[in-house]
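Undergrad: What follows is the file input-v7.pdb, containing PDB, C-alpha atoms:
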```pdb
ATOM      1  CA  MET P 256     -25.770   5.202  32.932  1.00  0.00           C
ATOM      2  CA  LYS P 257     -29.237   5.830  31.619  1.00  0.00           C
ATOM      3  CA  PRO P 258     -29.956   5.417  27.899  1.00  0.00           C
ATOM      4  CA  ILE P 259     -29.371   8.419  25.652  1.00  0.00           C
ATOM      5  CA  PRO P 260     -32.312   9.602  23.553  1.00  0.00           C
ATOM      6  CA  ASN P 261     -31.791   8.931  19.834  1.00  0.00           C
ATOM      7  CA  GLN P 262     -28.887   6.582  20.588  1.00  0.00           C
ATOM      8  CA  ALA P 263     -29.545   4.523  17.437  1.00  0.00           C
ATOM      9  CA  LYS P 264     -29.481   7.671  15.273  1.00  0.00           C
ATOM     10  CA  ILE P 265     -26.199   8.818  16.832  1.00  0.00           C
ATOM     11  CA  ILE P 266     -24.651   5.425  16.126  1.00  0.00           C
ATOM     12  CA  LYS P 267     -25.935   5.398  12.535  1.00  0.00           C
ATOM     13  CA  VAL P 268     -24.671   8.923  11.749  1.00  0.00           C
ATOM     14  CA  SER P 269     -21.357   8.242  13.512  1.00  0.00           C
ATOM     15  CA  THR P 270     -20.885   5.124  11.400  1.00  0.00           C
ATOM     16  CA  VAL P 271     -21.327   7.100   8.182  1.00  0.00           C
ATOM     17  CA  ILE P 272     -19.027   9.908   9.327  1.00  0.00           C
ATOM     18  CA  ARG P 273     -16.482   7.330  10.489  1.00  0.00           C
ATOM     19  CA  HIS P 274     -16.387   5.885   6.963  1.00  0.00           C
ATOM     20  CA  VAL P 275     -15.821   9.375   5.543  1.00  0.00           C
ATOM     21  CA  MET P 276     -13.029   9.977   8.069  1.00  0.00           C
ATOM     22  CA  PHE P 277     -11.461   6.634   7.166  1.00  0.00           C
ATOM     23  CA  ALA P 278     -11.434   7.688   3.505  1.00  0.00           C
ATOM     24  CA  GLY P 279      -9.810  10.939   4.624  1.00  0.00           C
ATOM     25  CA  VAL P 280      -7.142   9.033   6.565  1.00  0.00           C
ATOM     26  CA  VAL P 281      -6.360   6.983   3.457  1.00  0.00           C
ATOM     27  CA  VAL P 282      -6.168  10.116   1.294  1.00  0.00           C
ATOM     28  CA  TRP P 283      -3.844  11.881   3.747  1.00  0.00           C
ATOM     29  CA  ILE P 284      -1.624   8.793   4.041  1.00  0.00           C
ATOM     30  CA  ILE P 285      -1.264   8.829   0.256  1.00  0.00           C
ATOM     31  CA  GLY P 286      -0.623  12.591   0.414  1.00  0.00           C
ATOM     32  CA  VAL P 287       2.089  12.138   3.032  1.00  0.00           C
ATOM     33  CA  ALA P 288       3.700   9.382   0.946  1.00  0.00           C
ATOM     34  CA  VAL P 289       3.674  11.575  -2.174  1.00  0.00           C
ATOM     35  CA  MET P 290       5.037  14.601  -0.290  1.00  0.00           C
ATOM     36  CA  THR P 291       7.742  12.437   1.289  1.00  0.00           C
ATOM     37  CA  PHE P 292       8.765  11.213  -2.165  1.00  0.00           C
ATOM     38  CA  GLN P 293       8.807  14.802  -3.472  1.00  0.00           C
ATOM     39  CA  SER P 294      10.798  15.961  -0.445  1.00  0.00           C
ATOM     40  CA  ILE P 295      13.415  13.248  -0.925  1.00  0.00           C
ATOM     41  CA  HIS P 296      13.518  14.009  -4.653  1.00  0.00           C
ATOM     42  CA  SER P 297      13.997  17.725  -3.940  1.00  0.00           C
ATOM     43  CA  LEU P 298      17.144  16.975  -1.959  1.00  0.00           C
ATOM     44  CA  PHE P 299      18.901  15.918  -5.151  1.00  0.00           C
ATOM     45  CA  GLY P 300      17.611  18.273  -7.807  1.00  0.00           C
ATOM     46  CA  ALA P 301      15.745  21.287  -6.530  1.00  0.00           C
ATOM     47  CA  VAL P 302      17.034  24.767  -5.931  1.00  0.00           C
ATOM     48  CA  GLN P 303      17.601  25.768  -2.309  1.00  0.00           C
ATOM     49  CA  PRO P 304      14.211  27.431  -1.448  1.00  0.00           C
ATOM     50  CA  ALA P 305      12.176  24.641  -3.026  1.00  0.00           C
ATOM     51  CA  ARG P 306      14.082  22.098  -0.948  1.00  0.00           C
ATOM     52  CA  TYR P 307      12.959  23.658   2.330  1.00  0.00           C
ATOM     53  CA  LEU P 308       9.440  24.465   1.165  1.00  0.00           C
ATOM     54  CA  THR P 309       8.772  20.904   0.100  1.00  0.00           C
ATOM     55  CA  TRP P 310       9.703  19.655   3.569  1.00  0.00           C
ATOM     56  CA  GLY P 311       7.520  22.380   5.097  1.00  0.00           C
ATOM     57  CA  LEU P 312       4.530  21.325   3.017  1.00  0.00           C
ATOM     58  CA  LEU P 313       5.123  17.745   4.142  1.00  0.00           C
ATOM     59  CA  GLY P 314       4.510  19.002   7.686  1.00  0.00           C
ATOM     60  CA  ILE P 315       1.117  20.359   6.638  1.00  0.00           C
ATOM     61  CA  GLU P 316       0.163  16.989   5.157  1.00  0.00           C
ATOM     62  CA  VAL P 317       1.240  15.184   8.331  1.00  0.00           C
ATOM     63  CA  LEU P 318      -0.791  17.562  10.514  1.00  0.00           C
ATOM     64  CA  ARG P 319      -3.849  17.061   8.304  1.00  0.00           C
ATOM     65  CA  LEU P 320      -3.416  13.311   8.718  1.00  0.00           C
ATOM     66  CA  VAL P 321      -3.218  13.663  12.518  1.00  0.00           C
ATOM     67  CA  VAL P 322      -6.387  15.806  12.662  1.00  0.00           C
ATOM     68  CA  THR P 323      -8.297  13.384  10.447  1.00  0.00           C
ATOM     69  CA  TRP P 324      -7.049  10.419  12.500  1.00  0.00           C
ATOM     70  CA  GLN P 325      -8.238  11.995  15.769  1.00  0.00           C
ATOM     71  CA  LEU P 326     -11.659  12.717  14.253  1.00  0.00           C
ATOM     72  CA  PHE P 327     -11.788   9.149  12.927  1.00  0.00           C
ATOM     73  CA  ARG P 328     -11.068   7.823  16.437  1.00  0.00           C
ATOM     74  CA  PHE P 329     -13.738  10.142  17.906  1.00  0.00           C
ATOM     75  CA  PHE P 330     -16.437   8.918  15.526  1.00  0.00           C
ATOM     76  CA  ASP P 331     -15.243   5.327  15.902  1.00  0.00           C
ATOM     77  CA  ARG P 332     -15.877   5.524  19.648  1.00  0.00           C
ATOM     78  CA  LEU P 333     -19.297   7.103  19.070  1.00  0.00           C
ATOM     79  CA  LYS P 334     -20.120   4.321  16.601  1.00  0.00           C
ATOM     80  CA  THR P 335     -19.362   1.696  19.230  1.00  0.00           C
ATOM     81  CA  GLY P 336     -21.636   3.402  21.756  1.00  0.00           C
ATOM     82  CA  HIS P 337     -19.038   5.126  23.950  1.00  0.00           C
ATOM     83  CA  PHE P 338     -20.898   8.408  24.266  1.00  0.00           C
ATOM     84  CA  PHE P 339     -19.229  11.215  26.158  1.00  0.00           C
ATOM     85  CA  ASP P 340     -16.772   9.090  28.119  1.00  0.00           C
ATOM     86  CA  ALA P 341     -13.298  10.402  28.900  1.00  0.00           C
ATOM     87  CA  GLN P 342     -11.482   8.738  25.991  1.00  0.00           C
ATOM     88  CA  THR P 343     -14.047   9.900  23.428  1.00  0.00           C
ATOM     89  CA  VAL P 344     -13.836  13.471  24.689  1.00  0.00           C
ATOM     90  CA  ARG P 345     -10.019  13.271  24.631  1.00  0.00           C
ATOM     91  CA  HIS P 346     -10.100  12.415  20.920  1.00  0.00           C
ATOM     92  CA  LEU P 347     -12.328  15.425  20.217  1.00  0.00           C
ATOM     93  CA  ASP P 348     -10.073  17.675  22.301  1.00  0.00           C
ATOM     94  CA  ALA P 349      -6.946  16.378  20.569  1.00  0.00           C
ATOM     95  CA  ALA P 350      -8.481  16.884  17.119  1.00  0.00           C
ATOM     96  CA  GLY P 351      -9.322  20.485  17.991  1.00  0.00           C
ATOM     97  CA  LYS P 352      -5.831  21.201  19.340  1.00  0.00           C
ATOM     98  CA  TRP P 353      -4.136  19.618  16.347  1.00  0.00           C
ATOM     99  CA  TRP P 354      -6.414  21.629  14.060  1.00  0.00           C
ATOM    100  CA  ILE P 355      -5.245  24.828  15.780  1.00  0.00           C
ATOM    101  CA  VAL P 356      -1.609  23.702  15.379  1.00  0.00           C
ATOM    102  CA  LEU P 357      -2.297  22.989  11.689  1.00  0.00           C
ATOM    103  CA  TRP P 358      -3.654  26.497  11.195  1.00  0.00           C
ATOM    104  CA  LEU P 359      -0.683  28.084  12.990  1.00  0.00           C
ATOM    105  CA  TYR P 360       1.811  25.999  11.016  1.00  0.00           C
ATOM    106  CA  ASP P 361       0.103  26.863   7.730  1.00  0.00           C
ATOM    107  CA  VAL P 362       0.169  30.582   8.524  1.00  0.00           C
ATOM    108  CA  LEU P 363       3.858  30.262   9.426  1.00  0.00           C
ATOM    109  CA  MET P 364       4.555  28.494   6.127  1.00  0.00           C
ATOM    110  CA  PHE P 365       2.706  31.251   4.249  1.00  0.00           C
ATOM    111  CA  PHE P 366       4.873  33.932   5.843  1.00  0.00           C
ATOM    112  CA  ILE P 367       8.040  31.947   5.168  1.00  0.00           C
ATOM    113  CA  ARG P 368       7.042  31.484   1.513  1.00  0.00           C
ATOM    114  CA  SER P 369       5.982  35.073   0.919  1.00  0.00           C
ATOM    115  CA  GLY P 370       8.319  36.887   3.310  1.00  0.00           C
ATOM    116  CA  ILE P 371      11.624  35.044   3.338  1.00  0.00           C
ATOM    117  CA  PHE P 372      11.644  33.316  -0.057  1.00  0.00           C
ATOM    118  CA  LYS P 373       9.465  35.907  -1.885  1.00  0.00           C
ATOM    119  CA  ILE P 374       7.420  33.212  -3.595  1.00  0.00           C
ATOM    120  CA  ASP P 375       4.101  34.515  -4.932  1.00  0.00           C
ATOM    121  CA  ASP P 376       2.351  31.623  -6.592  1.00  0.00           C
ATOM    122  CA  GLY P 377      -1.149  32.442  -5.399  1.00  0.00           C
ATOM    123  CA  TRP P 378      -0.981  30.053  -2.454  1.00  0.00           C
ATOM    124  CA  LYS P 379      -2.945  31.323   0.538  1.00  0.00           C
ATOM    125  CA  PRO P 380      -2.958  30.074   4.122  1.00  0.00           C
ATOM    126  CA  ILE P 381      -5.852  28.074   5.481  1.00  0.00           C
ATOM    127  CA  ASP P 382      -8.993  30.094   6.092  1.00  0.00           C
ATOM    128  CA  PRO P 383      -9.369  31.555   9.634  1.00  0.00           C
ATOM    129  CA  ALA P 384     -12.575  29.521   9.868  1.00  0.00           C
ATOM    130  CA  THR P 385     -10.261  26.549  10.438  1.00  0.00           C
ATOM    131  CA  LEU P 386      -8.912  28.214  13.562  1.00  0.00           C
ATOM    132  CA  PHE P 387     -12.468  28.898  14.710  1.00  0.00           C
ATOM    133  CA  ALA P 388     -13.462  25.260  14.104  1.00  0.00           C
ATOM    134  CA  GLY P 389     -10.497  24.046  16.151  1.00  0.00           C
ATOM    135  CA  LEU P 390     -11.366  26.419  18.980  1.00  0.00           C
ATOM    136  CA  VAL P 391     -15.005  25.298  18.916  1.00  0.00           C
ATOM    137  CA  MET P 392     -13.945  21.632  19.104  1.00  0.00           C
ATOM    138  CA  VAL P 393     -11.674  22.351  22.079  1.00  0.00           C
ATOM    139  CA  PHE P 394     -14.482  24.310  23.751  1.00  0.00           C
ATOM    140  CA  ILE P 395     -17.026  21.508  23.227  1.00  0.00           C
ATOM    141  CA  ALA P 396     -14.539  18.972  24.605  1.00  0.00           C
ATOM    142  CA  TRP P 397     -13.952  21.191  27.650  1.00  0.00           C
ATOM    143  CA  LEU P 398     -17.721  21.557  28.116  1.00  0.00           C
ATOM    144  CA  LEU P 399     -18.174  17.780  27.981  1.00  0.00           C
ATOM    145  CA  LYS P 400     -15.355  17.281  30.518  1.00  0.00           C
ATOM    146  CA  GLU P 401     -17.022  19.739  32.884  1.00  0.00           C
ATOM    147  CA  ALA P 402     -20.370  17.993  32.399  1.00  0.00           C
ATOM    148  CA  GLN P 403     -18.724  14.661  33.251  1.00  0.00           C
ATOM    149  CA  GLY P 404     -17.337  16.185  36.445  1.00  0.00           C
ATOM    150  CA  LEU P 405     -20.745  17.594  37.400  1.00  0.00           C
ATOM    151  CA  GLN P 406     -22.426  14.263  36.699  1.00  0.00           C
ATOM    152  CA  GLU P 407     -19.882  12.428  38.865  1.00  0.00           C
ATOM    153  CA  GLU P 408     -20.414  14.946  41.692  1.00  0.00           C
ATOM    154  CA  GLN P 409     -24.173  14.573  41.396  1.00  0.00           C
ATOM    155  CA  GLU P 410     -23.942  10.778  41.485  1.00  0.00           C
ATOM    156  CA  LEU P 411     -21.770  10.925  44.615  1.00  0.00           C
ATOM    157  CA  THR P 412     -24.174  13.214  46.492  1.00  0.00           C
ATOM    158  CA  VAL P 413     -27.253  11.105  45.783  1.00  0.00           C
TER     159      VAL P 413
END
```
I'd like the structure from this file rewritten - as structure tokens, please.
TA:
Amino acid sequence: MKPIPNQAKIIKVSTVIRHVMFAGVVVWIIGVAVMTFQSIHSLFGAVQPARYLTWGLLGIEVLRLVVTWQLFRFFDRLKTGHFFDAQTVRHLDAAGKWWIVLWLYDVLMFFIRSGIFKIDDGWKPIDPATLFAGLVMVFIAWLLKEAQGLQEEQELTV
């Protein structure tokens, strides 16, 4: 594999973003722990709708953790110099798909809160830009997979 232009810059930027993603993973782990505690606490003292909504919001926290973890793994592989290999692209693809699932789950939770339980506390679902970002990540991962296939074909024909 021939050297990639600006390889040192990619590694440097990936290292910084990896640190930010690691901080995000820590924050979401704390968020999941807090939501788990609240969910267990709601089993014993909350009214019926709050009991289910707390567990539903725990799902959102878990999905945010999964997305951040996949992005952390993606930037970790870039930091170590694994540019555009299959495993790196898989992490990007997985992050995009989980981000789409997060958006769908959040919209579902919004409709459950506002439609079934009639709770109007000003909470809004995640912005549709989140869905677009997830779709763009999946598209870029697909594009990189296709480029890998073309490169392998080209190397075989030479």
Undergrad: In Å, rounded to a single decimal, give me how far CA of Asp382 (chain P) is from CA of Ile295 (chain P).
TA: 28.9 Å
Undergrad: I'd like the neighbourhood of region 330-333 of chain P as an NGL selection string, where a residue qualifies if any of its atoms comes within 7 Å (using only C-alpha atoms), though same-chain residues fewer than 5 positions away should be ignored.
TA: :P and (266 or 269 or 272-273 or 338 or 343)
Undergrad: Counting all atoms listed in the file, give me one row per residue of region 278-331 of chain P with an atom at most 6 Å from an atom of region 348-360 of chain P, showing the shortest contact pair and its distance in Å to one decimal, sorted by chain then residue number, as a tab-separated table.
TA:
```
residue	atom	partner	partner_atom	distance
P:Leu318	CA	P:Leu357	CA	5.8
P:Val322	CA	P:Ala350	CA	5.0
P:Gln325	CA	P:Ala350	CA	5.1
P:Leu326	CA	P:Ala350	CA	6.0
```
Undergrad: Mind pulling up the distance from CA of Thr335 (chain P) to CA of Val271 (chain P)?
TA: 12.5 Å
Undergrad: Extract, using all atoms listed in the file, all DNA, RNA and protein residues at most 10 Å from Phe339 (chain P), discarding same-chain residues fewer than 3 positions from it, and format them as a PDB file with C-alpha atoms, in the coordinates of the input.
TA:
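Contents of out_20.pdb, as written:
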```pdb
ATOM      1  CA  PHE P 329     -13.738  10.142  17.906  1.00  0.00           C
ATOM      2  CA  ARG P 332     -15.877   5.524  19.648  1.00  0.00           C
ATOM      3  CA  LEU P 333     -19.297   7.103  19.070  1.00  0.00           C
ATOM      4  CA  GLY P 336     -21.636   3.402  21.756  1.00  0.00           C
ATOM      5  CA  GLN P 342     -11.482   8.738  25.991  1.00  0.00           C
ATOM      6  CA  THR P 343     -14.047   9.900  23.428  1.00  0.00           C
ATOM      7  CA  VAL P 344     -13.836  13.471  24.689  1.00  0.00           C
ATOM      8  CA  ARG P 345     -10.019  13.271  24.631  1.00  0.00           C
ATOM      9  CA  ALA P 396     -14.539  18.972  24.605  1.00  0.00           C
ATOM     10  CA  LEU P 399     -18.174  17.780  27.981  1.00  0.00           C
ATOM     11  CA  LYS P 400     -15.355  17.281  30.518  1.00  0.00           C
ATOM     12  CA  ALA P 402     -20.370  17.993  32.399  1.00  0.00           C
ATOM     13  CA  GLN P 403     -18.724  14.661  33.251  1.00  0.00           C
TER      14      GLN P 403
END
```
Undergrad: Could you tell me which residues the PyMOL selection byres ((chain P and resi 290) around 10) returns for this structure, as a list in words?
TA: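 Applied to this file, the PyMOL selection byres ((chain P and resi 290) around 10) selects Ile284, Ile285, Gly286, Val287, Ala288, Val289, Thr291, Phe292, Gln293, Ser294, Ile295, His296, Thr309, Trp310, Gly311, Leu312, Leu313, Gly314, Ile315, Glu316 and Val317 of chain P.
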Undergrad: Since we have the selection now, will you write its residues out, keeping C-alpha atoms, as a compact mmCIF listing (two decimals), in the frame of the given file?
TA:
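Done, and the output landed in part_35.txt:
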```
# COMPACT_ATOMS: atom_id res chain seq x y z
CA ILE P 284 -1.62 8.79 4.04
CA ILE P 285 -1.26 8.83 0.26
CA GLY P 286 -0.62 12.59 0.41
CA VAL P 287 2.09 12.14 3.03
CA ALA P 288 3.70 9.38 0.95
CA VAL P 289 3.67 11.58 -2.17
CA THR P 291 7.74 12.44 1.29
CA PHE P 292 8.76 11.21 -2.16
CA GLN P 293 8.81 14.80 -3.47
CA SER P 294 10.80 15.96 -0.44
CA ILE P 295 13.42 13.25 -0.92
CA HIS P 296 13.52 14.01 -4.65
CA THR P 309 8.77 20.90 0.10
CA TRP P 310 9.70 19.66 3.57
CA GLY P 311 7.52 22.38 5.10
CA LEU P 312 4.53 21.32 3.02
CA LEU P 313 5.12 17.74 4.14
CA GLY P 314 4.51 19.00 7.69
CA ILE P 315 1.12 20.36 6.64
CA GLU P 316 0.16 16.99 5.16
CA VAL P 317 1.24 15.18 8.33
```
Undergrad: Using only C-alpha atoms, which residue out of P:Val321, P:Ala341, P:Leu411, P:Leu398 lies closest to Met276 (chain P)?
TA: P:Val321
Undergrad: Give me, please, the distance in Å between CA of Val362 (chain P) and CA of Thr385 (chain P), quoted to one decimal.
TA: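 These two atoms are separated by 11.3 Å.
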Undergrad: For the point (-8.9, 10.3, 6.8) in the file's frame, write as a PyMOL selection string all residues with an atom no more than 9 Å away, counting only C-alpha atoms.
TA: chain P and resi 273-284+319-324+326-327
Undergrad: For each of P:Thr412, P:Leu363, P:His337, P:Asp375, take the minimum atom-to-atom distance to Ile265 (chain P), counting all atoms listed in the file, then give the residue where this is smallest.
TA: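 That would be P:His337, the residue with the smallest distance to Ile265 (chain P).
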Undergrad: Can you work out which one of P:Asp340, P:Gly370, P:Gln262, P:Leu390 has the shortest atom-to-atom distance to Gln406 (chain P), counting all atoms listed in the file?
TA: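 Of P:Asp340, P:Gly370, P:Gln262, P:Leu390, the one nearest Gln406 (chain P), counting all atoms listed in the file, is P:Asp340.
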Undergrad: Identify which of the residues P:Lys264, P:Ile259, P:Leu308, P:Glu410 lies closest to Ser369 (chain P), counting all atoms listed in the file when measuring atom-to-atom distances.
TA: P:Leu308
Undergrad: Counting all atoms listed in the file, which of P:Ile395, P:Leu298, P:Val268, P:Leu386 gets nearest to Asp361 (chain P)?
TA: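 So, comparing all the options, the nearest one is P:Leu386.
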